[in-house]
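One structure below.
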Amino acid sequence: MALALLRSRSTNLAISGLHSASRRFGSKSSALTDSSTDELPLSGVRVLELGQAIAGPFCGQLLGHFGADVIKIEPPSGGDPLRVWRELDVDGTSPWFRSLGRNKKSVAIDLRKDEGRGLVRQLAAKSDVVVENFRPGTLEKWGLGPPELRLLNPSLIFTRVSGYGQTGPWSSRPGYASVCEAESGFRSINGFVDPETNSLSGPPVRPNISLGDSVAGLHAAFGTTEEGSQGKTSGQTVDVSIMESMLNLMEGIVPEYDRKGKVRGPSGSSVTGIVPTNAYPCLPSPSTPSSPTYIIIGANADTLYARLMRPLYAQNHHRVARQAEIEEAISSWTSVRPAEEVLAVLEKAGVPVGRVVGVKEIMENEQVKARGAVEDVWVGKEDNGWNVKMPGVFPRLEGSEVKTRWAGPDLGEHTDDVLINELGLDANELARLRRDGIIG
């Protein structure tokens with residue numbers, strides 16, 4: 001008994017910030033709360049997700065994974081555009097959506113119609129958080145902005161993700177992640193350097209993901225739980241800008257420019273001012289003889305460098321001045337050896353090293369398997385469906401068994417359940433609303 005109590009107290013302390021958020025949110029009990037979330041830190045928190053595509057829905061995914069009851073509002077005709085982005089599964093739905101939409105309830109309501117917006121107002125009155133990523137002013141135009149919804153629910157937290165924020169001369173601009181990454185300065189430091197100008201040689205290189213959206217979604221989830229932990233009785237707005245979220249990742253670039261006039265440019269596969277940390281070529285793998293093989297070595301700490309090479313340049317500032325010489329020496333050594341040999345030698349020496357791999361290798365990785373970092377999640381009916389592998393949601397919280405409860409749902413899968421159990425509508429009213437195109 002004493003041990004169990006101690007373990008319980010330890011768990012509560014470890015996630016006390018999120019539990020306090022749950023207490024702040026927790027006055028809105030739900031008839032549809034999943035009992036499997038009872039031990040999760042955001043259990044009892046109701047989130048109304050009005051966003052679509054990536055940034056807002058990624059925030060909703062994170063909140064839902066840690067126990068929040070997320071109701072996702074989608075247009076009846078087609079739903080979230082992400083449902084048909086990139087690869088489509090046998091049912092015509094993107095596996096990506098099944099991942100990003102996990103642990104959410106899909107309710108199909110047409111926000112362009114007055115009666116649809118009325119249903120959303122009623123749901124907002126029973127919610128703790130609204131998450132949205134429309135262009136600023138859109139919800140106000142529909143009568144669904146913070147002033148209108150807080151008349152019904154004064155404690156409502158409004159988490160808003162947009163390109164440039166809710167204020168300022170650029171607030172009304174459409175803000176896609178790619179553009180905001182450029183305006184934040186992020187794109188200017190990604191690519192290969194022109195040695196004559198020290199600036200980009202050709203166009204900037206883009207990571208092949210919507211990084212700005214996901215980073216903004218992380219900021220939005222963090223801001224939501226922070227706001228929820230404050231214990232305030234009046235609702236507040238969490239204002240997340242994609243541009244500012246990316247600016248938040250720019251490390252010392254702003255203060256270095258301010259104090260030293262230094263403009264950091266691109267650095268290819270290395271990083272400015274830290275040596276050696278780079279990608280180095282190895283002999284092609286026998287299984288893919290036509291594809292280049294690279295490993296990453298991160299021996300930038302002085303002690304690690306001493307394990308990698310004869311320490312002629314014992315401190316980093318000495319190595320920065322001789323970067324080309326050091327990089328050439330490392331490349332000359334790795335390029336005549338297979339990656340397996342390089343990895344074995346450097347791991348034995350205690351030098352951080354890793355292979356540049358693709359998704360196939362990730363799925364087969366022993367560390368990924370040991371920690372369950374990729375989940376199998378069932379899609380479809382119990383007797384007629386399939387598994388989809390998707391990355392887990394992190395971080396891991398000691399004492400909480402956090403797993404995906406269900407994959408992203410079919411469009412409108414929960415419309416009837418939510419409107420009946422939460423708003424008290426009957427079958428006749430649902431049939432009329434569906435006939436009139438209000439719900440799907």
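Chain labels follow the order of the structure tokens: the first chain is A, the next B, and so on; residue numbering restarts at 1 in every chain, and ligands are counted from 1 in their shown order.
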>> I'd like the neighbourhood of Phe394 of chain A as a PyMOL selection string, where a residue qualifies if any of its atoms comes within 12 Å (using only C-alpha atoms), though same-chain residues fewer than 6 positions away should be ignored.
In response: chain A and resi 61-63+65-66+218+371-374+400-404
> Which of segment 34-199 of chain A counts as strand (DSSP E) under DSSP, as a PyMOL selection string please?
Replying inline: chain A and resi 46-49+69-74+104-108+129-132+157-162
> Using only C-alpha atoms, which of the listed residues (A:Asn428, A:Ser162, A:Asn208, A:Ser234) sits closest to Pro147 of chain A?
Replying inline: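 That would be A:Ser234, the residue with the smallest distance to Pro147 of chain A.
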> Got a sec to tell me which of segment 70-142 of chain A DSSP assigns to alpha helix (DSSP H), as a PyMOL selection string?
Replying inline: chain A and resi 95-100+114-125+138-141
I need the chosen residues saved as an mmCIF file, in the first residue's frame, with N, CA and C atoms.
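Printed below is again.cif as written:
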data_model
loop_
_atom_site.group_PDB
_atom_site.id
_atom_site.type_symbol
_atom_site.label_atom_id
_atom_site.label_comp_id
_atom_site.auth_asym_id
_atom_site.auth_seq_id
_atom_site.Cartn_x
_atom_site.Cartn_y
_atom_site.Cartn_z
ATOM 1 N N PRO A 95 -3.519 7.761 -45.480
ATOM 2 C CA PRO A 95 -3.003 7.236 -44.207
ATOM 3 C C PRO A 95 -2.463 8.337 -43.304
ATOM 4 N N TRP A 96 -1.984 9.421 -43.920
ATOM 5 C CA TRP A 96 -1.522 10.564 -43.135
ATOM 6 C C TRP A 96 -2.656 11.115 -42.276
ATOM 7 N N PHE A 97 -3.862 11.225 -42.867
ATOM 8 C CA PHE A 97 -4.980 11.706 -42.065
ATOM 9 C C PHE A 97 -5.297 10.743 -40.928
ATOM 10 N N ARG A 98 -5.213 9.439 -41.191
ATOM 11 C CA ARG A 98 -5.495 8.462 -40.125
ATOM 12 C C ARG A 98 -4.558 8.681 -38.944
ATOM 13 N N SER A 99 -3.326 9.165 -39.230
ATOM 14 C CA SER A 99 -2.368 9.437 -38.168
ATOM 15 C C SER A 99 -2.659 10.779 -37.487
ATOM 16 N N LEU A 100 -2.782 11.845 -38.266
ATOM 17 C CA LEU A 100 -2.983 13.172 -37.690
ATOM 18 C C LEU A 100 -4.351 13.305 -37.020
ATOM 19 N N ASP A 114 -25.922 29.324 -41.223
ATOM 20 C CA ASP A 114 -26.251 29.859 -39.899
ATOM 21 C C ASP A 114 -26.563 28.757 -38.898
ATOM 22 N N GLU A 115 -27.353 27.794 -39.328
ATOM 23 C CA GLU A 115 -27.760 26.743 -38.393
ATOM 24 C C GLU A 115 -26.565 25.872 -38.004
ATOM 25 N N GLY A 116 -25.640 25.677 -38.933
ATOM 26 C CA GLY A 116 -24.427 24.939 -38.597
ATOM 27 C C GLY A 116 -23.598 25.684 -37.572
ATOM 28 N N ARG A 117 -23.463 26.992 -37.759
ATOM 29 C CA ARG A 117 -22.707 27.782 -36.787
ATOM 30 C C ARG A 117 -23.405 27.785 -35.430
ATOM 31 N N GLY A 118 -24.730 27.700 -35.425
ATOM 32 C CA GLY A 118 -25.450 27.618 -34.161
ATOM 33 C C GLY A 118 -25.120 26.347 -33.395
ATOM 34 N N LEU A 119 -24.980 25.234 -34.118
ATOM 35 C CA LEU A 119 -24.594 23.981 -33.461
ATOM 36 C C LEU A 119 -23.196 24.094 -32.864
ATOM 37 N N VAL A 120 -22.286 24.743 -33.587
ATOM 38 C CA VAL A 120 -20.922 24.903 -33.088
ATOM 39 C C VAL A 120 -20.911 25.789 -31.849
ATOM 40 N N ARG A 121 -21.739 26.804 -31.825
ATOM 41 C CA ARG A 121 -21.815 27.654 -30.619
ATOM 42 C C ARG A 121 -22.243 26.827 -29.408
ATOM 43 N N GLN A 122 -23.209 25.942 -29.619
ATOM 44 C CA GLN A 122 -23.663 25.101 -28.503
ATOM 45 C C GLN A 122 -22.555 24.169 -28.030
ATOM 46 N N LEU A 123 -21.780 23.627 -28.965
ATOM 47 C CA LEU A 123 -20.676 22.765 -28.569
ATOM 48 C C LEU A 123 -19.582 23.556 -27.866
ATOM 49 N N ALA A 124 -19.332 24.785 -28.315
ATOM 50 C CA ALA A 124 -18.324 25.624 -27.666
ATOM 51 C C ALA A 124 -18.720 25.948 -26.234
ATOM 52 N N ALA A 125 -20.011 26.068 -25.995
ATOM 53 C CA ALA A 125 -20.485 26.359 -24.643
ATOM 54 C C ALA A 125 -20.175 25.212 -23.689
ATOM 55 N N THR A 138 -11.738 35.355 -39.881
ATOM 56 C CA THR A 138 -12.724 34.445 -40.467
ATOM 57 C C THR A 138 -13.778 34.044 -39.443
ATOM 58 N N LEU A 139 -13.358 33.620 -38.256
ATOM 59 C CA LEU A 139 -14.337 33.197 -37.247
ATOM 60 C C LEU A 139 -15.171 34.377 -36.775
ATOM 61 N N GLU A 140 -14.560 35.555 -36.681
ATOM 62 C CA GLU A 140 -15.334 36.749 -36.304
ATOM 63 C C GLU A 140 -16.418 37.024 -37.349
ATOM 64 N N LYS A 141 -16.099 36.845 -38.619
ATOM 65 C CA LYS A 141 -17.077 37.053 -39.684
ATOM 66 C C LYS A 141 -18.256 36.091 -39.532
#
Spatial neighbours of Phe222 of chain A, 10 Å, only C-alpha atoms, chain gap at least 4 places, as a PDB file with N, CA and C atoms, in the first residue's frame:
ATOM      1  N   CYS A  59      -1.899  20.351 -33.203  1.00  0.00           N
ATOM      2  CA  CYS A  59      -2.149  20.729 -31.807  1.00  0.00           C
ATOM      3  C   CYS A  59      -3.237  19.843 -31.213  1.00  0.00           C
ATOM      4  N   LEU A  62      -1.995  16.309 -30.425  1.00  0.00           N
ATOM      5  CA  LEU A  62      -1.191  16.222 -29.214  1.00  0.00           C
ATOM      6  C   LEU A  62      -2.067  16.268 -27.968  1.00  0.00           C
ATOM      7  N   LEU A  63      -3.033  17.175 -27.933  1.00  0.00           N
ATOM      8  CA  LEU A  63      -3.917  17.273 -26.779  1.00  0.00           C
ATOM      9  C   LEU A  63      -4.750  16.003 -26.623  1.00  0.00           C
ATOM     10  N   ALA A 216       4.490  25.106 -35.267  1.00  0.00           N
ATOM     11  CA  ALA A 216       3.422  25.962 -34.738  1.00  0.00           C
ATOM     12  C   ALA A 216       2.430  25.140 -33.923  1.00  0.00           C
ATOM     13  N   GLY A 217       2.113  23.926 -34.389  1.00  0.00           N
ATOM     14  CA  GLY A 217       1.217  23.058 -33.627  1.00  0.00           C
ATOM     15  C   GLY A 217       1.775  22.709 -32.262  1.00  0.00           C
ATOM     16  N   LEU A 218       3.086  22.471 -32.189  1.00  0.00           N
ATOM     17  CA  LEU A 218       3.729  22.225 -30.890  1.00  0.00           C
ATOM     18  C   LEU A 218       3.600  23.438 -29.976  1.00  0.00           C
ATOM     19  N   GLU A 226      -0.269  25.554 -20.941  1.00  0.00           N
ATOM     20  CA  GLU A 226       0.208  26.617 -20.055  1.00  0.00           C
ATOM     21  C   GLU A 226      -0.950  27.506 -19.609  1.00  0.00           C
ATOM     22  N   GLU A 227      -1.779  27.889 -20.569  1.00  0.00           N
ATOM     23  CA  GLU A 227      -2.916  28.751 -20.226  1.00  0.00           C
ATOM     24  C   GLU A 227      -3.880  28.020 -19.306  1.00  0.00           C
ATOM     25  N   GLY A 228      -4.085  26.741 -19.567  1.00  0.00           N
ATOM     26  CA  GLY A 228      -4.991  25.967 -18.734  1.00  0.00           C
ATOM     27  C   GLY A 228      -4.496  25.754 -17.331  1.00  0.00           C
ATOM     28  N   VAL A 238      -4.667  32.124 -26.845  1.00  0.00           N
ATOM     29  CA  VAL A 238      -3.310  31.677 -27.142  1.00  0.00           C
ATOM     30  C   VAL A 238      -3.072  32.002 -28.612  1.00  0.00           C
TER      31      VAL A 238
END
> To one decimal place, how far is atom CA of Asp376 of chain A from atom CA of Ala407 of chain A in Å?
Replying inline: 9.8 Å
> For Val263 of chain A, which residue among A:Thr415, A:Ser178, A:Ser188, A:Asn365 is the nearest when counting only C-alpha atoms?
Replying inline: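 Answer, going by the shortest atom-to-atom distance: A:Ser188.
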> Pro204 of chain A: which residues within 8 Å, counting only C-alpha atoms, same-chain residues fewer than 6 positions away excluded, as an MDAnalysis selection string?
Replying inline: chainID A and resid 187:192
> Hey, what's within 10 Å of segment 247-256 of chain A if we count only C-alpha atoms and toss same-chain stuff fewer than 2 positions away? As a PyMOL selection string, please?
Replying inline: chain A and resi 180-181+183-186+189+212+215+219+241-245+258-265
> Rounded to one decimal in Å, what is the spacing between atom CA of Gly92 of chain A and atom CA of Val379 of chain A?
Replying inline: 12.7 Å
Can you pull out every residue within 9 Å of segment 347-360 of chain A, counting only C-alpha atoms, but drop anything in the same chain fewer than 5 positions away, and send it as an mmCIF file with all heavy atoms, in the first residue's frame?
data_model
loop_
_atom_site.group_PDB
_atom_site.id
_atom_site.type_symbol
_atom_site.label_atom_id
_atom_site.label_comp_id
_atom_site.auth_asym_id
_atom_site.auth_seq_id
_atom_site.Cartn_x
_atom_site.Cartn_y
_atom_site.Cartn_z
ATOM 1 N N ALA A 279 27.919 15.485 -42.625
ATOM 2 C CA ALA A 279 27.626 14.223 -43.306
ATOM 3 C C ALA A 279 28.848 13.817 -44.118
ATOM 4 O O ALA A 279 29.428 14.649 -44.825
ATOM 5 C CB ALA A 279 26.414 14.390 -44.222
ATOM 6 N N THR A 293 25.824 6.432 -49.796
ATOM 7 C CA THR A 293 25.655 6.139 -48.380
ATOM 8 C C THR A 293 26.387 7.202 -47.575
ATOM 9 O O THR A 293 27.570 7.464 -47.813
ATOM 10 C CB THR A 293 26.219 4.749 -48.034
ATOM 11 O OG1 THR A 293 25.518 3.761 -48.787
ATOM 12 C CG2 THR A 293 26.061 4.456 -46.546
ATOM 13 N N TYR A 294 25.673 7.795 -46.631
ATOM 14 C CA TYR A 294 26.273 8.831 -45.788
ATOM 15 C C TYR A 294 26.085 8.478 -44.324
ATOM 16 O O TYR A 294 25.087 7.857 -43.936
ATOM 17 C CB TYR A 294 25.636 10.201 -46.051
ATOM 18 C CG TYR A 294 26.038 10.807 -47.379
ATOM 19 C CD1 TYR A 294 25.280 10.576 -48.521
ATOM 20 C CD2 TYR A 294 27.176 11.597 -47.480
ATOM 21 C CE1 TYR A 294 25.643 11.128 -49.738
ATOM 22 C CE2 TYR A 294 27.551 12.150 -48.688
ATOM 23 C CZ TYR A 294 26.786 11.911 -49.818
ATOM 24 O OH TYR A 294 27.153 12.451 -51.019
ATOM 25 N N ILE A 295 27.062 8.894 -43.529
ATOM 26 C CA ILE A 295 26.905 8.829 -42.075
ATOM 27 C C ILE A 295 27.089 10.234 -41.521
ATOM 28 O O ILE A 295 27.712 11.092 -42.157
ATOM 29 C CB ILE A 295 27.901 7.833 -41.435
ATOM 30 C CG1 ILE A 295 29.346 8.104 -41.898
ATOM 31 C CG2 ILE A 295 27.525 6.401 -41.756
ATOM 32 C CD1 ILE A 295 30.125 8.922 -40.948
ATOM 33 N N ILE A 296 26.504 10.462 -40.366
ATOM 34 C CA ILE A 296 26.647 11.739 -39.660
ATOM 35 C C ILE A 296 27.563 11.524 -38.469
ATOM 36 O O ILE A 296 27.342 10.596 -37.678
ATOM 37 C CB ILE A 296 25.287 12.279 -39.175
ATOM 38 C CG1 ILE A 296 24.306 12.441 -40.331
ATOM 39 C CG2 ILE A 296 25.473 13.608 -38.428
ATOM 40 C CD1 ILE A 296 24.667 13.508 -41.328
ATOM 41 N N ILE A 297 28.566 12.362 -38.350
ATOM 42 C CA ILE A 297 29.454 12.341 -37.187
ATOM 43 C C ILE A 297 29.283 13.661 -36.446
ATOM 44 O O ILE A 297 29.330 14.732 -37.040
ATOM 45 C CB ILE A 297 30.926 12.161 -37.604
ATOM 46 C CG1 ILE A 297 31.126 10.809 -38.297
ATOM 47 C CG2 ILE A 297 31.854 12.281 -36.388
ATOM 48 C CD1 ILE A 297 32.523 10.613 -38.860
ATOM 49 N N GLY A 298 29.076 13.550 -35.141
ATOM 50 C CA GLY A 298 28.974 14.739 -34.296
ATOM 51 C C GLY A 298 30.049 14.699 -33.228
ATOM 52 O O GLY A 298 29.794 14.259 -32.102
ATOM 53 N N ALA A 299 31.253 15.137 -33.579
ATOM 54 C CA ALA A 299 32.375 15.116 -32.631
ATOM 55 C C ALA A 299 32.800 16.534 -32.298
ATOM 56 O O ALA A 299 33.986 16.854 -32.228
ATOM 57 C CB ALA A 299 33.540 14.326 -33.221
ATOM 58 N N LEU A 304 35.116 14.727 -27.395
ATOM 59 C CA LEU A 304 34.723 13.807 -28.466
ATOM 60 C C LEU A 304 35.676 13.916 -29.647
ATOM 61 O O LEU A 304 36.028 12.911 -30.281
ATOM 62 C CB LEU A 304 33.288 14.099 -28.917
ATOM 63 C CG LEU A 304 32.199 13.853 -27.876
ATOM 64 C CD1 LEU A 304 30.842 14.298 -28.411
ATOM 65 C CD2 LEU A 304 32.162 12.385 -27.467
ATOM 66 N N TYR A 305 36.116 15.127 -29.948
ATOM 67 C CA TYR A 305 37.064 15.308 -31.056
ATOM 68 C C TYR A 305 38.365 14.555 -30.777
ATOM 69 O O TYR A 305 38.967 13.958 -31.677
ATOM 70 C CB TYR A 305 37.338 16.796 -31.261
ATOM 71 C CG TYR A 305 38.398 17.071 -32.306
ATOM 72 C CD1 TYR A 305 38.113 16.910 -33.659
ATOM 73 C CD2 TYR A 305 39.680 17.456 -31.923
ATOM 74 C CE1 TYR A 305 39.096 17.147 -34.615
ATOM 75 C CE2 TYR A 305 40.666 17.691 -32.879
ATOM 76 C CZ TYR A 305 40.365 17.530 -34.216
ATOM 77 O OH TYR A 305 41.332 17.747 -35.167
ATOM 78 N N ARG A 307 38.682 11.839 -29.285
ATOM 79 C CA ARG A 307 38.472 10.408 -29.548
ATOM 80 C C ARG A 307 38.454 10.115 -31.050
ATOM 81 O O ARG A 307 38.751 9.002 -31.471
ATOM 82 C CB ARG A 307 37.151 9.946 -28.943
ATOM 83 C CG ARG A 307 37.068 10.094 -27.447
ATOM 84 C CD ARG A 307 35.661 9.753 -26.964
ATOM 85 N NE ARG A 307 35.464 10.141 -25.572
ATOM 86 C CZ ARG A 307 34.287 10.111 -24.964
ATOM 87 N NH1 ARG A 307 33.213 9.705 -25.630
ATOM 88 N NH2 ARG A 307 34.194 10.494 -23.707
ATOM 89 N N LEU A 308 38.092 11.104 -31.847
ATOM 90 C CA LEU A 308 37.952 10.906 -33.288
ATOM 91 C C LEU A 308 39.277 11.056 -34.019
ATOM 92 O O LEU A 308 39.609 10.259 -34.907
ATOM 93 C CB LEU A 308 36.940 11.911 -33.847
ATOM 94 C CG LEU A 308 36.740 11.913 -35.365
ATOM 95 C CD1 LEU A 308 36.062 10.617 -35.815
ATOM 96 C CD2 LEU A 308 35.919 13.134 -35.792
ATOM 97 N N ALA A 339 29.839 1.761 -44.477
ATOM 98 C CA ALA A 339 29.263 2.429 -43.304
ATOM 99 C C ALA A 339 29.327 1.553 -42.069
ATOM 100 O O ALA A 339 29.544 2.047 -40.952
ATOM 101 C CB ALA A 339 27.819 2.826 -43.602
ATOM 102 N N GLU A 340 29.140 0.245 -42.246
ATOM 103 C CA GLU A 340 29.150 -0.664 -41.097
ATOM 104 C C GLU A 340 30.490 -0.613 -40.362
ATOM 105 O O GLU A 340 30.541 -0.623 -39.121
ATOM 106 C CB GLU A 340 28.858 -2.095 -41.557
ATOM 107 C CG GLU A 340 27.453 -2.327 -42.082
ATOM 108 C CD GLU A 340 27.231 -1.801 -43.488
ATOM 109 O OE1 GLU A 340 28.226 -1.396 -44.155
ATOM 110 O OE2 GLU A 340 26.065 -1.785 -43.927
ATOM 111 N N VAL A 342 32.685 1.962 -40.420
ATOM 112 C CA VAL A 342 32.806 3.288 -39.796
ATOM 113 C C VAL A 342 32.005 3.339 -38.500
ATOM 114 O O VAL A 342 32.494 3.821 -37.457
ATOM 115 C CB VAL A 342 32.345 4.383 -40.772
ATOM 116 C CG1 VAL A 342 32.323 5.748 -40.069
ATOM 117 C CG2 VAL A 342 33.252 4.429 -41.998
ATOM 118 N N ASN A 365 14.368 -0.637 -37.380
ATOM 119 C CA ASN A 365 15.367 -0.249 -36.390
ATOM 120 C C ASN A 365 15.086 -0.880 -35.030
ATOM 121 O O ASN A 365 13.963 -0.831 -34.522
ATOM 122 C CB ASN A 365 15.373 1.282 -36.273
ATOM 123 C CG ASN A 365 16.410 1.779 -35.295
ATOM 124 O OD1 ASN A 365 16.234 1.700 -34.086
ATOM 125 N ND2 ASN A 365 17.499 2.306 -35.821
#
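Across the structure, atom CA of Thr93 of chain A and atom CA of Ser106 of chain A are spaced 14.0 Å apart.
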> Between A:Ser335, A:Thr303, A:Asn387, A:Gln367, which has the minimum distance to Ser285 of chain A (counting only C-alpha atoms)?
Replying inline: A:Ser335
